[in-house]
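Pasting coords_8.cif here (mmCIF, C-alpha atoms):
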```
data_coords
#
loop_
_atom_site.label_atom_id
_atom_site.label_comp_id
_atom_site.auth_asym_id
_atom_site.auth_seq_id
_atom_site.Cartn_x
_atom_site.Cartn_y
_atom_site.Cartn_z
CA MET A 270 -23.03 -15.44 8.00
CA LEU A 271 -21.40 -12.16 7.19
CA LEU A 272 -21.87 -11.09 10.79
CA SER A 273 -19.67 -13.93 11.98
CA PHE A 274 -16.77 -12.14 10.31
CA LEU A 275 -17.33 -9.01 12.36
CA PRO A 276 -15.06 -8.93 15.37
CA ARG A 277 -16.79 -9.15 18.66
CA ARG A 278 -14.92 -6.44 20.48
CA PRO A 279 -16.62 -3.06 20.15
CA ALA A 280 -13.45 -1.27 19.15
CA ALA A 281 -12.74 -3.66 16.34
CA ARG A 282 -16.34 -3.56 15.24
CA GLY A 283 -16.20 0.22 15.16
CA ALA A 284 -13.08 0.07 13.04
CA THR A 285 -14.86 -2.23 10.63
CA ILE A 286 -17.72 0.19 10.23
CA LEU A 287 -15.28 3.07 9.81
CA LEU A 288 -13.43 1.18 7.13
CA THR A 289 -16.60 0.34 5.26
CA SER A 290 -17.65 3.98 5.37
CA LEU A 291 -14.27 5.05 4.03
CA LEU A 292 -14.66 2.69 1.14
CA ALA A 293 -18.13 3.98 0.43
CA LEU A 294 -16.83 7.54 0.54
CA ALA A 295 -14.10 6.67 -1.87
CA GLY A 296 -16.73 5.43 -4.23
CA CYS A 297 -18.44 8.79 -4.05
CA GLY A 298 -15.18 10.72 -3.89
CA GLY A 299 -15.48 12.18 -7.33
CA GLY A 300 -17.21 12.00 -10.63
CA SER A 301 -17.73 13.92 -13.80
CA SER A 302 -20.32 13.71 -16.49
CA ASP A 303 -19.53 12.17 -19.83
CA SER A 304 -20.06 15.37 -21.76
CA ASP A 305 -17.44 17.18 -19.69
CA ALA A 306 -14.86 14.47 -20.03
CA LYS A 307 -14.69 14.49 -23.81
CA ALA A 308 -14.25 18.23 -24.24
CA SER A 309 -11.51 18.62 -21.68
CA THR A 310 -9.07 15.78 -22.15
CA VAL A 311 -5.48 16.91 -22.44
CA GLU A 312 -2.97 14.52 -23.94
CA VAL A 313 0.36 14.26 -22.17
CA LYS A 314 3.10 12.26 -23.81
CA ALA A 315 5.75 11.46 -21.22
CA GLY A 316 9.01 10.25 -22.69
CA ASP A 317 12.41 9.57 -21.24
CA LYS A 318 13.58 13.08 -21.93
CA SER A 319 10.44 14.86 -22.99
CA CYS A 320 7.08 15.88 -21.68
CA GLU A 321 4.63 17.01 -24.34
CA VAL A 322 1.46 18.56 -23.08
CA ALA A 323 -1.15 19.12 -25.77
CA THR A 324 -1.95 22.62 -24.64
CA ALA A 325 -0.45 25.39 -22.56
CA SER A 326 -3.67 27.11 -21.63
CA LEU A 327 -6.95 25.88 -20.34
CA PRO A 328 -10.19 27.34 -19.05
CA ALA A 329 -10.95 26.86 -15.39
CA GLY A 330 -12.77 23.67 -14.56
CA THR A 331 -12.25 19.94 -14.31
CA HIS A 332 -9.79 18.52 -16.77
CA ARG A 333 -8.64 15.03 -17.54
CA PHE A 334 -5.02 14.56 -18.50
CA ALA A 335 -4.48 11.40 -20.50
CA VAL A 336 -0.87 10.46 -19.76
CA THR A 337 0.90 8.06 -22.10
CA ASN A 338 4.35 6.79 -21.24
CA THR A 339 6.23 6.78 -24.50
CA GLY A 340 9.58 6.22 -22.85
CA SER A 341 11.29 3.18 -21.39
CA GLN A 342 11.31 4.15 -17.72
CA ILE A 343 8.56 4.14 -15.15
CA THR A 344 7.34 7.70 -14.95
CA GLU A 345 5.06 9.89 -12.93
CA VAL A 346 3.27 13.08 -13.86
CA TYR A 347 2.42 15.89 -11.49
CA VAL A 348 0.36 19.02 -11.86
CA TYR A 349 1.82 21.68 -9.59
CA GLY A 350 0.10 24.85 -8.49
CA GLU A 351 1.73 27.92 -7.03
CA GLY A 352 4.71 27.15 -4.84
CA ASP A 353 4.91 23.55 -6.04
CA ARG A 354 1.71 22.60 -4.33
CA ILE A 355 0.57 19.27 -5.70
CA VAL A 356 -2.80 19.62 -7.39
CA GLY A 357 -2.81 16.23 -9.03
CA GLU A 358 -0.48 13.34 -9.66
CA VAL A 359 -0.29 9.92 -11.22
CA GLU A 360 2.56 7.63 -10.19
CA ASP A 361 3.88 4.30 -11.40
CA VAL A 362 3.02 4.74 -15.06
CA GLY A 363 4.77 1.83 -16.71
CA PRO A 364 6.30 2.22 -20.15
CA GLY A 365 3.82 1.61 -22.91
CA THR A 366 0.80 2.24 -20.73
CA SER A 367 -1.62 5.11 -20.22
CA ARG A 368 -3.16 6.52 -17.09
CA ASP A 369 -5.64 9.30 -16.49
CA LEU A 370 -5.22 12.18 -14.12
CA THR A 371 -8.28 14.28 -13.32
CA VAL A 372 -7.86 17.66 -11.68
CA GLU A 373 -10.05 20.56 -10.79
CA LEU A 374 -8.22 23.70 -11.93
CA ALA A 375 -9.04 27.18 -10.75
CA ALA A 376 -7.60 30.19 -12.56
CA GLY A 377 -3.86 30.59 -12.06
CA ASN A 378 -0.45 29.44 -13.15
CA TYR A 379 0.44 25.79 -13.05
CA GLN A 380 3.20 23.49 -14.15
CA VAL A 381 2.93 20.01 -15.57
CA ALA A 382 5.94 17.92 -14.60
CA CYS A 383 6.96 14.53 -15.99
CA LYS A 384 9.43 12.60 -13.88
CA PRO A 385 10.95 9.68 -15.77
CA GLY A 386 12.51 7.29 -13.29
CA MET A 387 10.30 8.84 -10.58
CA GLN A 388 12.95 11.18 -9.27
CA GLY A 389 14.06 14.77 -9.41
CA THR A 390 12.13 17.90 -10.15
CA GLY A 391 10.97 16.68 -13.52
CA ILE A 392 10.61 18.04 -17.02
CA ARG A 393 8.26 20.96 -16.63
CA SER A 394 5.99 22.95 -18.86
CA ALA A 395 3.87 25.89 -17.93
CA LEU A 396 0.11 25.77 -17.96
CA THR A 397 -2.06 28.84 -17.63
CA VAL A 398 -5.63 28.47 -16.50
CA SER A 399 -7.88 31.40 -17.24
CA ALA A 400 -11.00 32.30 -15.35
CA GLY A 401 -14.42 32.02 -16.90
CA ALA A 402 -16.38 29.24 -18.58
CA ALA A 403 -14.83 26.95 -21.16
CA SER A 404 -14.78 28.66 -24.56
CA SER A 405 -13.06 26.47 -27.10
CA PRO A 406 -12.05 22.91 -26.40
CA THR A 407 -8.36 22.05 -26.33
CA SER A 408 -6.54 21.30 -29.62
CA MET B 128 6.48 -7.74 -28.52
CA PHE B 129 8.10 -8.01 -25.11
CA GLN B 130 9.55 -4.57 -24.88
CA ASN B 131 8.55 -2.64 -21.76
CA PHE B 132 8.30 -5.96 -19.94
CA LEU B 133 10.86 -5.35 -17.22
CA PRO B 134 9.75 -1.99 -15.78
CA ASN B 135 6.14 -3.20 -15.62
CA TYR B 136 7.34 -6.43 -14.03
CA LEU B 137 9.08 -4.43 -11.32
CA ILE B 138 5.97 -2.38 -10.62
CA GLY B 139 3.88 -5.54 -10.33
CA LEU B 140 6.44 -7.13 -8.02
CA ARG B 141 6.64 -4.08 -5.82
CA GLU B 142 2.88 -3.60 -5.59
CA GLY B 143 2.25 -7.20 -4.60
CA LEU B 144 5.16 -7.85 -2.28
CA GLU B 145 4.03 -6.25 0.95
CA ALA B 146 0.56 -7.79 0.88
CA ALA B 147 1.99 -11.20 -0.06
CA LEU B 148 4.40 -11.12 2.87
CA VAL B 149 1.79 -10.04 5.42
CA VAL B 150 -0.73 -12.63 4.25
CA GLY B 151 2.04 -15.26 4.10
CA ILE B 152 2.91 -14.59 7.73
CA LEU B 153 -0.75 -14.64 8.73
CA VAL B 154 -1.32 -17.99 7.05
CA ALA B 155 1.88 -19.41 8.54
CA TYR B 156 0.71 -18.33 11.96
CA LEU B 157 -2.64 -20.06 11.63
CA VAL B 158 -1.02 -23.24 10.32
CA LYS B 159 1.65 -23.20 13.01
CA THR B 160 -0.94 -22.86 15.76
CA GLY B 161 -2.99 -25.69 14.31
CA ASN B 162 -5.80 -23.56 12.97
CA ARG B 163 -5.99 -24.46 9.32
CA ASP B 164 -9.76 -24.44 9.60
CA ARG B 165 -9.61 -20.68 9.99
CA LEU B 166 -7.89 -20.23 6.65
CA PRO B 167 -10.99 -20.04 4.42
CA PRO B 168 -12.20 -16.75 5.96
CA ILE B 169 -8.70 -15.31 5.47
CA TRP B 170 -8.78 -16.20 1.79
CA GLY B 171 -12.27 -14.72 1.70
CA GLY B 172 -10.88 -11.44 2.99
CA VAL B 173 -8.07 -11.50 0.46
CA GLY B 174 -10.49 -12.30 -2.35
CA ALA B 175 -12.86 -9.55 -1.31
CA ALA B 176 -10.03 -7.00 -1.31
CA VAL B 177 -8.88 -8.12 -4.75
CA ALA B 178 -12.39 -8.02 -6.18
CA MET B 179 -13.19 -4.60 -4.74
CA SER B 180 -9.90 -3.14 -5.92
CA LEU B 181 -10.37 -4.47 -9.42
CA ALA B 182 -13.93 -3.16 -9.52
CA PHE B 183 -12.99 0.33 -8.28
CA GLY B 184 -10.01 0.39 -10.59
CA ALA B 185 -12.08 -0.58 -13.59
CA ALA B 186 -14.62 2.10 -12.78
CA LEU B 187 -11.93 4.76 -12.54
CA THR B 188 -10.15 3.57 -15.69
CA PHE B 189 -12.98 2.86 -18.10
CA THR B 190 -15.72 5.26 -17.13
CA ALA B 191 -15.84 8.99 -16.67
CA ALA B 192 -15.82 8.48 -12.94
CA SER B 193 -12.91 10.10 -11.21
CA MET B 194 -11.49 10.54 -7.79
CA SER B 195 -9.93 13.83 -6.86
CA PHE B 196 -6.29 13.86 -5.91
CA GLU B 197 -7.03 14.91 -2.34
CA ALA B 198 -9.59 12.13 -1.99
CA GLN B 199 -7.11 9.55 -3.31
CA GLU B 200 -4.31 10.60 -0.99
CA ALA B 201 -6.57 11.04 2.02
CA PHE B 202 -8.09 7.62 1.36
CA GLY B 203 -4.70 5.95 0.90
CA GLY B 204 -3.15 7.70 3.87
CA THR B 205 -6.04 6.95 6.20
CA LEU B 206 -6.26 3.35 5.07
CA SER B 207 -2.54 2.94 5.72
CA ILE B 208 -2.91 4.20 9.25
CA VAL B 209 -5.89 1.92 9.89
CA ALA B 210 -3.93 -1.02 8.44
CA VAL B 211 -1.01 -0.28 10.75
CA GLY B 212 -3.38 -0.24 13.70
CA PHE B 213 -4.64 -3.69 12.79
CA VAL B 214 -1.20 -5.15 12.13
CA THR B 215 0.07 -3.79 15.43
CA TRP B 216 -2.87 -5.29 17.24
CA MET B 217 -2.26 -8.56 15.43
CA VAL B 218 1.42 -8.68 16.37
CA PHE B 219 0.67 -8.34 20.07
CA TRP B 220 -2.22 -10.73 19.86
CA MET B 221 0.12 -13.27 18.28
CA ARG B 222 2.59 -12.68 21.07
CA ARG B 223 -0.06 -13.22 23.71
CA ALA B 224 -1.46 -16.31 22.02
CA ALA B 225 2.10 -17.65 21.70
CA ARG B 226 2.51 -17.59 25.46
CA PHE B 227 -0.65 -19.60 25.93
CA LEU B 228 0.42 -21.98 23.21
CA LYS B 229 3.80 -22.65 24.71
CA ALA B 230 2.39 -23.00 28.19
CA GLU B 231 -0.04 -25.43 26.64
CA LEU B 232 -3.01 -23.53 27.90
CA HIS B 233 -5.13 -24.71 25.03
CA GLY B 234 -8.37 -23.54 26.55
CA LYS B 235 -7.11 -19.98 26.77
CA LEU B 236 -5.51 -20.25 23.33
CA ASP B 237 -8.80 -21.23 21.73
CA ALA B 238 -10.54 -18.33 23.42
CA ALA B 239 -7.87 -15.90 22.22
CA LEU B 240 -8.00 -17.23 18.69
CA ALA B 241 -11.79 -17.18 18.57
CA VAL B 242 -11.85 -13.47 19.29
CA GLY B 243 -9.16 -12.91 16.74
CA THR B 244 -10.48 -14.44 13.53
CA GLY B 245 -12.67 -11.55 12.43
CA ALA B 246 -9.87 -9.09 13.03
CA LEU B 247 -7.42 -11.39 11.21
CA VAL B 248 -9.71 -11.39 8.19
CA LEU B 249 -9.84 -7.61 8.32
CA THR B 250 -6.07 -7.41 8.57
CA ALA B 251 -5.70 -9.62 5.50
CA PHE B 252 -8.32 -7.53 3.73
CA LEU B 253 -6.50 -4.32 4.61
CA ALA B 254 -3.08 -5.66 3.71
CA VAL B 255 -4.31 -6.41 0.21
CA GLY B 256 -6.78 -3.56 -0.15
CA ARG B 257 -4.46 -0.82 1.04
CA GLU B 258 -2.42 -0.80 -2.13
CA GLY B 259 -5.14 -2.66 -3.99
CA LEU B 260 -6.69 0.29 -5.77
CA GLU B 261 -3.35 1.60 -7.04
CA THR B 262 -2.39 -1.88 -8.15
CA ALA B 263 -5.72 -2.34 -9.90
CA LEU B 264 -5.31 0.97 -11.75
CA PHE B 265 -1.87 -0.13 -12.84
CA LEU B 266 -3.17 -3.54 -13.95
CA TRP B 267 -6.07 -2.13 -15.95
CA SER B 268 -3.78 0.34 -17.66
CA ALA B 269 -1.38 -2.47 -18.56
CA ILE B 270 -4.24 -4.53 -19.97
CA SER B 271 -5.47 -1.70 -22.13
CA SER B 272 -2.04 -0.38 -23.03
CA THR B 273 -1.59 1.42 -26.30
CA GLY B 274 1.28 1.38 -28.71
CA GLY B 275 2.88 -1.48 -30.54
CA SER B 276 4.09 -3.41 -27.54
CA THR B 277 0.75 -4.53 -26.18
CA ALA B 278 1.94 -7.77 -24.58
CA GLY B 279 4.94 -6.48 -22.67
CA PRO B 280 3.17 -4.40 -20.05
CA ILE B 281 0.46 -6.89 -19.12
CA LEU B 282 2.88 -9.83 -19.16
CA GLY B 283 5.24 -7.89 -16.97
CA ALA B 284 2.47 -6.81 -14.62
CA ALA B 285 1.01 -10.30 -14.30
CA LEU B 286 4.37 -12.01 -13.79
CA GLY B 287 5.48 -9.34 -11.33
CA LEU B 288 2.40 -9.87 -9.21
CA GLY B 289 2.80 -13.63 -9.60
CA THR B 290 6.38 -13.41 -8.36
CA ALA B 291 5.22 -11.47 -5.32
CA VAL B 292 2.66 -14.17 -4.52
CA LEU B 293 5.34 -16.83 -4.99
CA LEU B 294 7.68 -15.03 -2.61
CA GLY B 295 4.89 -14.79 -0.04
CA HIS B 296 4.32 -18.51 -0.42
CA LEU B 297 8.03 -19.26 -0.04
CA LEU B 298 8.12 -17.15 3.09
CA TYR B 299 5.23 -19.16 4.45
CA ARG B 300 6.99 -22.43 3.65
CA ARG B 301 10.20 -21.32 5.36
CA ALA B 302 8.44 -19.78 8.35
CA VAL B 303 6.50 -22.90 9.29
CA THR B 304 9.75 -24.88 9.52
CA LEU B 305 11.16 -22.59 12.21
CA ASN B 306 10.93 -23.68 15.80
CA LEU B 307 8.16 -21.95 17.71
CA ALA B 308 10.32 -19.41 19.50
CA ARG B 309 12.13 -18.27 16.38
CA PHE B 310 8.91 -18.29 14.41
CA PHE B 311 7.03 -16.00 16.76
CA THR B 312 9.96 -13.65 17.14
CA TRP B 313 10.89 -13.32 13.49
CA THR B 314 7.36 -13.08 12.10
CA GLY B 315 6.51 -10.51 14.73
CA VAL B 316 9.62 -8.44 14.03
CA GLY B 317 8.96 -8.72 10.30
CA LEU B 318 5.43 -7.44 10.67
CA VAL B 319 6.50 -4.53 12.89
CA VAL B 320 9.14 -3.46 10.37
CA VAL B 321 6.63 -3.66 7.51
CA ALA B 322 4.06 -1.74 9.54
CA ALA B 323 6.58 1.03 10.26
CA GLY B 324 7.13 1.44 6.54
CA VAL B 325 3.41 1.50 5.85
CA LEU B 326 2.86 4.16 8.48
CA ALA B 327 5.67 6.32 7.13
CA TYR B 328 4.28 6.06 3.63
CA GLY B 329 0.81 6.89 4.90
CA VAL B 330 2.27 10.06 6.35
CA HIS B 331 3.81 10.75 2.94
CA ASP B 332 0.41 10.42 1.28
CA LEU B 333 -1.11 12.85 3.74
CA GLN B 334 1.77 15.26 3.15
CA GLU B 335 1.13 15.12 -0.59
CA ALA B 336 -2.52 15.89 0.02
CA GLY B 337 -1.49 18.90 2.08
CA ILE B 338 -3.14 17.48 5.17
CA LEU B 339 0.23 17.21 6.88
CA PRO B 340 3.03 19.73 6.28
CA GLY B 341 6.62 19.24 5.34
CA LEU B 342 6.46 17.61 1.91
CA ASP B 343 9.62 19.36 0.77
CA ASN B 344 11.71 18.89 3.93
CA LEU B 345 13.69 15.91 2.77
CA ALA B 346 15.66 13.96 5.34
CA PHE B 347 17.61 12.32 2.55
CA ASP B 348 17.53 11.76 -1.16
CA VAL B 349 19.40 8.77 -2.52
CA SER B 350 17.50 8.54 -5.79
CA ALA B 351 20.77 8.52 -7.69
CA GLN B 352 22.19 5.61 -5.72
CA VAL B 353 18.96 3.65 -5.28
CA PRO B 354 16.71 4.42 -8.23
CA ALA B 355 13.08 3.52 -7.68
CA SER B 356 13.11 1.57 -10.92
CA SER B 357 16.07 -0.66 -10.08
CA TRP B 358 15.51 -4.19 -8.81
CA TYR B 359 17.00 -3.38 -5.41
CA GLY B 360 14.99 -0.18 -5.19
CA THR B 361 11.91 -2.24 -6.03
CA LEU B 362 12.58 -4.81 -3.30
CA LEU B 363 13.34 -2.14 -0.72
CA LYS B 364 10.14 -0.33 -1.58
CA GLY B 365 8.03 -3.45 -1.80
CA VAL B 366 9.12 -4.89 1.54
CA LEU B 367 10.12 -1.93 3.68
CA ASN B 368 8.31 0.91 1.90
CA PHE B 369 11.71 2.54 1.67
CA SER B 370 11.54 5.47 -0.73
CA PRO B 371 14.76 6.89 -2.13
CA ALA B 372 13.68 10.32 -0.88
CA MET B 373 11.97 10.62 2.48
CA THR B 374 10.85 13.65 4.41
CA TRP B 375 11.78 14.37 8.00
CA LEU B 376 8.23 13.67 9.14
CA GLU B 377 8.25 10.28 7.40
CA LEU B 378 11.55 9.36 8.97
CA ALA B 379 10.47 10.56 12.39
CA THR B 380 7.23 8.59 12.10
CA TRP B 381 9.12 5.49 11.08
CA VAL B 382 11.46 5.71 14.06
CA ALA B 383 8.73 6.78 16.49
CA TYR B 384 6.73 3.69 15.62
CA LEU B 385 9.49 1.15 15.15
CA VAL B 386 11.52 1.71 18.29
CA PRO B 387 8.77 1.61 20.96
CA VAL B 388 6.81 -1.16 19.28
CA LEU B 389 9.88 -3.35 18.76
CA TYR B 390 10.86 -2.75 22.35
CA LEU B 391 7.41 -3.68 23.61
CA PHE B 392 7.32 -6.73 21.40
CA LEU B 393 10.75 -8.06 22.25
CA ARG B 394 10.90 -7.37 25.96
CA ARG B 395 10.52 -10.28 28.30
CA PRO B 396 6.96 -10.72 29.43
CA ARG B 397 6.37 -10.05 33.08
CA PRO B 398 5.82 -13.17 35.15
CA ALA B 399 2.24 -14.03 34.32
CA THR B 400 -0.46 -15.17 36.69
CA ALA B 401 -0.86 -18.31 34.61
CA PRO B 402 1.28 -21.32 35.66
CA ALA B 403 4.71 -21.78 34.07
CA PRO B 404 5.48 -18.18 33.05
CA ALA B 405 9.00 -19.16 32.03
CA ALA B 406 7.62 -21.25 29.19
CA ALA B 407 6.45 -18.07 27.47
CA THR B 408 9.95 -16.91 26.70
CA GLY B 409 11.03 -19.35 24.10
CA GLN B 410 11.89 -22.70 25.52
CA PRO B 411 9.23 -24.91 24.05
CA GLU B 412 10.33 -28.08 25.70
CA ALA B 413 10.67 -26.67 29.21
CA VAL B 414 7.52 -25.99 31.16
CA ARG B 415 9.10 -24.77 34.37
CA VAL B 416 7.50 -22.82 37.14
CA ARG B 417 9.98 -20.08 37.98
CA ALA B 418 9.72 -16.60 39.38
CA GLU B 419 11.95 -14.90 36.82
CA PRO B 420 11.58 -15.25 33.08
CA ALA B 421 14.10 -17.31 31.13
CA SER B 422 16.40 -15.90 28.48
CA ARG B 423 14.93 -14.04 25.51
CA PRO B 424 14.11 -15.93 22.36
CA GLU B 425 16.75 -15.47 19.65
#
```

Do you think you could lay out the structure here as structure tokens?
Amino acid sequence: MLLSFLPRRPAARGATILLTSLLALAGCGGGSSDSDAKASTVEVKAGDKSCEVATASLPAGTHRFAVTNTGSQITEVYVYGEGDRIVGEVEDVGPGTSRDLTVELAAGNYQVACKPGMQGTGIRSALTVSAGAASSPTS
Amino acid sequence: MFQNFLPNYLIGLREGLEAALVVGILVAYLVKTGNRDRLPPIWGGVGAAVAMSLAFGAALTFTAASMSFEAQEAFGGTLSIVAVGFVTWMVFWMRRAARFLKAELHGKLDAALAVGTGALVLTAFLAVGREGLETALFLWSAISSTGGSTAGPILGAALGLGTAVLLGHLLYRRAVTLNLARFFTWTGVGLVVVAAGVLAYGVHDLQEAGILPGLDNLAFDVSAQVPASSWYGTLLKGVLNFSPAMTWLELATWVAYLVPVLYLFLRRPRPATAPAPAAATGQPEAVRVRAEPASRPE
């Protein structure tokens, strides 16, 4: 019965298979183990005029930023690498809600930017990522 | 208790609007061409997209599973481009089927529609699923929101999405009352304009992922005049995918898609080999056999 939904033309059928594969890939597009997640969660409190990041230095590795919108405007949070290259972002964070942003950070200098109202260059704070394995957890 | 309602309402409205309009037009088209029996698969496609988005979103929100930024943007950007391909196909398929319908070539119409149902279901699926994951993430975060105002975000989100569905329904109601010529023209034009916006935003996603260059070359920035969080900014974004700041590549993509496709869609069809070619150009009551096409539909 499912097959009756597949289009008959080869091109459309191919597109269907492509789409299904994309979805499957998305499902496998990432993942981290539970033990990693707990140790490397960084709280980010994004307000209307403030952007508090729990820490200014991190060891290299995968980190989860837990963004909470404490302001009254829709906000977005970006993690920028050198030259404002976007390393991670979370958009459309409504006031009073929290969203997670997971990024893989290699050693280097980064900036965390909160953009209340989803415009402008944002309120920025520096973040230094040092090479080597994680020593002490954040906070 | 209800603080933070409005901004979350606007996000919900914006996220749902485009899909609601596309599905509304799709449903109107099937009803208008006397194919209500093909509606259940369409709803199946919509339901599948909703269910999958909610499931993915829940996995990403409540478990340690994560999707890298590049994967998210590449997924969203690619899905947008695929969706535009389907909508474009659908617009021209509707145009072709319209000619058969108006020339009362029901045999050919049935054949055209039969080939189309699977692709229509996919188009509905893509229209909802394209933004579905982002919307699901937003919904789950509103449901589990922290802080004192726990009801505001989820109420806002739910009512925003509900408003979008209502607007899609109202569009459907209005569209089916149009005469055939106007209906086909306006729904087609509407879909092409929406598709142009989707394509431009897909390009934006790929620029953010670094797959395409030019993220910082802004063509314009009217964020001060049209804030993304205003109601007019919300409607512009929800319907046209108009962002207050767009890059040159986005703008070029938008124009490069919109102009040729609109031209191809609106131009008079060449005299067809089927009898009564003039009937295809918008005069439902006149089935005349003439060499040159009649005037364009309004």

Show me, as a tab-separated table, the residues of chain B having an atom within 7 Å of chain A, each with the closest atom pair and its distance in Å, using all atoms listed in the file.
```
residue	atom	partner	partner_atom	distance
B:Asn131	CA	A:Pro364	CA	5.6
B:Pro134	CA	A:Ile343	CA	6.3
B:Asn135	CA	A:Gly363	CA	5.3
B:Ala191	CA	A:Asp303	CA	5.8
B:Ala192	CA	A:Gly300	CA	4.4
B:Ser193	CA	A:Gly300	CA	4.7
B:Met194	CA	A:Gly299	CA	4.3
B:Ser195	CA	A:Gly299	CA	5.8
B:Phe196	CA	A:Gly357	CA	5.2
B:Ala198	CA	A:Gly298	CA	6.1
B:Phe202	CA	A:Ala295	CA	6.9
B:Val242	CA	A:Arg277	CA	6.6
B:Gly245	CA	A:Pro276	CA	4.6
B:Ala246	CA	A:Pro276	CA	5.7
B:Ser268	CA	A:Ser367	CA	5.8
B:Ala269	CA	A:Thr366	CA	5.6
B:Ser272	CA	A:Thr366	CA	4.5
B:Thr273	CA	A:Thr366	CA	6.1
B:Gly274	CA	A:Gly365	CA	6.3
B:Ser276	CA	A:Gly365	CA	6.8
B:Pro280	CA	A:Gly365	CA	6.7
B:Glu335	CA	A:Ile355	CA	6.6
B:Ser350	CA	A:Gln388	CA	6.3
B:Ala355	CA	A:Met387	CA	6.7
B:Ser356	CA	A:Gly386	CA	6.2
```

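For the atom pair formed by CA of Val381 in chain A and CA of Leu327 in chain A, the distance is 12.4 Å, given to one decimal.
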
Would you mind listing what lies within 9 Å of Asn368 in chain B as an MDAnalysis selection string, with only C-alpha atoms counted and same-chain residues fewer than 2 positions away left out?
-> chainID B and resid 145 321 323:325 327:328 362:366 370

From the set B:Thr361, B:Thr262, B:Ser207, B:Thr244, which residue has the shortest atom-to-atom contact distance to Ala178 in chain B, counting only C-alpha atoms?
-> B:Thr262

If you count only C-alpha atoms, which residues fall within 9 Å of Ser319 in chain A, apart from same-chain ones fewer than 3 positions away, as an MDAnalysis selection string?
-> chainID A and resid 314:316 340 383 385 392

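In this model, the gap between CA of Tyr349 in chain A and CA of Ser326 in chain A comes to 14.3 Å.
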
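Reported to one decimal place, the separation of CA of Ile169 in chain B from CA of Val255 in chain B is 11.2 Å.
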
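The residue that comes closest to Gln130 in chain B, out of B:Leu157, B:Ile152, B:Ile281, B:Leu247 and on the basis of all atoms listed in the file, is B:Ile281.
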
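Nearest to Val158 in chain B of all the residues B:Val211, B:Leu294, B:Ala302, B:Ala182 is B:Ala302, based on only C-alpha atoms.
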
List the residues matched by the PyMOL selection byres ((chain B and resi 336-344) around 8) in the displayed structure as a ChimeraX atom specification, ordered by chain and then by residue number.
-> /A:355 /B:196-197,200-201,330-335,345-346,374-376

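Considering only C-alpha atoms, the residue among B:Thr188, B:Trp267, B:Ala251, B:Leu326 positioned nearest to Ala335 in chain A is B:Thr188.
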
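Distances from A:Ala323, A:Val336, A:Val313, A:Leu396 to Glu351 in chain A were compared using all atoms listed in the file, and the smallest one belongs to A:Leu396.
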
Explicit residue set for the PyMOL selection byres ((chain B and resi 318-320) around 7), as a count of residues only | 13

Could you tell me which of A:Ser309, A:Gly352, A:Arg393, A:Ala382 comes closest to Ala329 in chain A if we count all atoms listed in the file?
-> A:Ser309

I would like the residues chosen by the PyMOL selection byres ((chain B and resi 176) around 8) on the shown file; could you give them as a VMD selection string?
-> chain B and resid 172 to 175 177 to 180 252 to 253 255 to 256 259
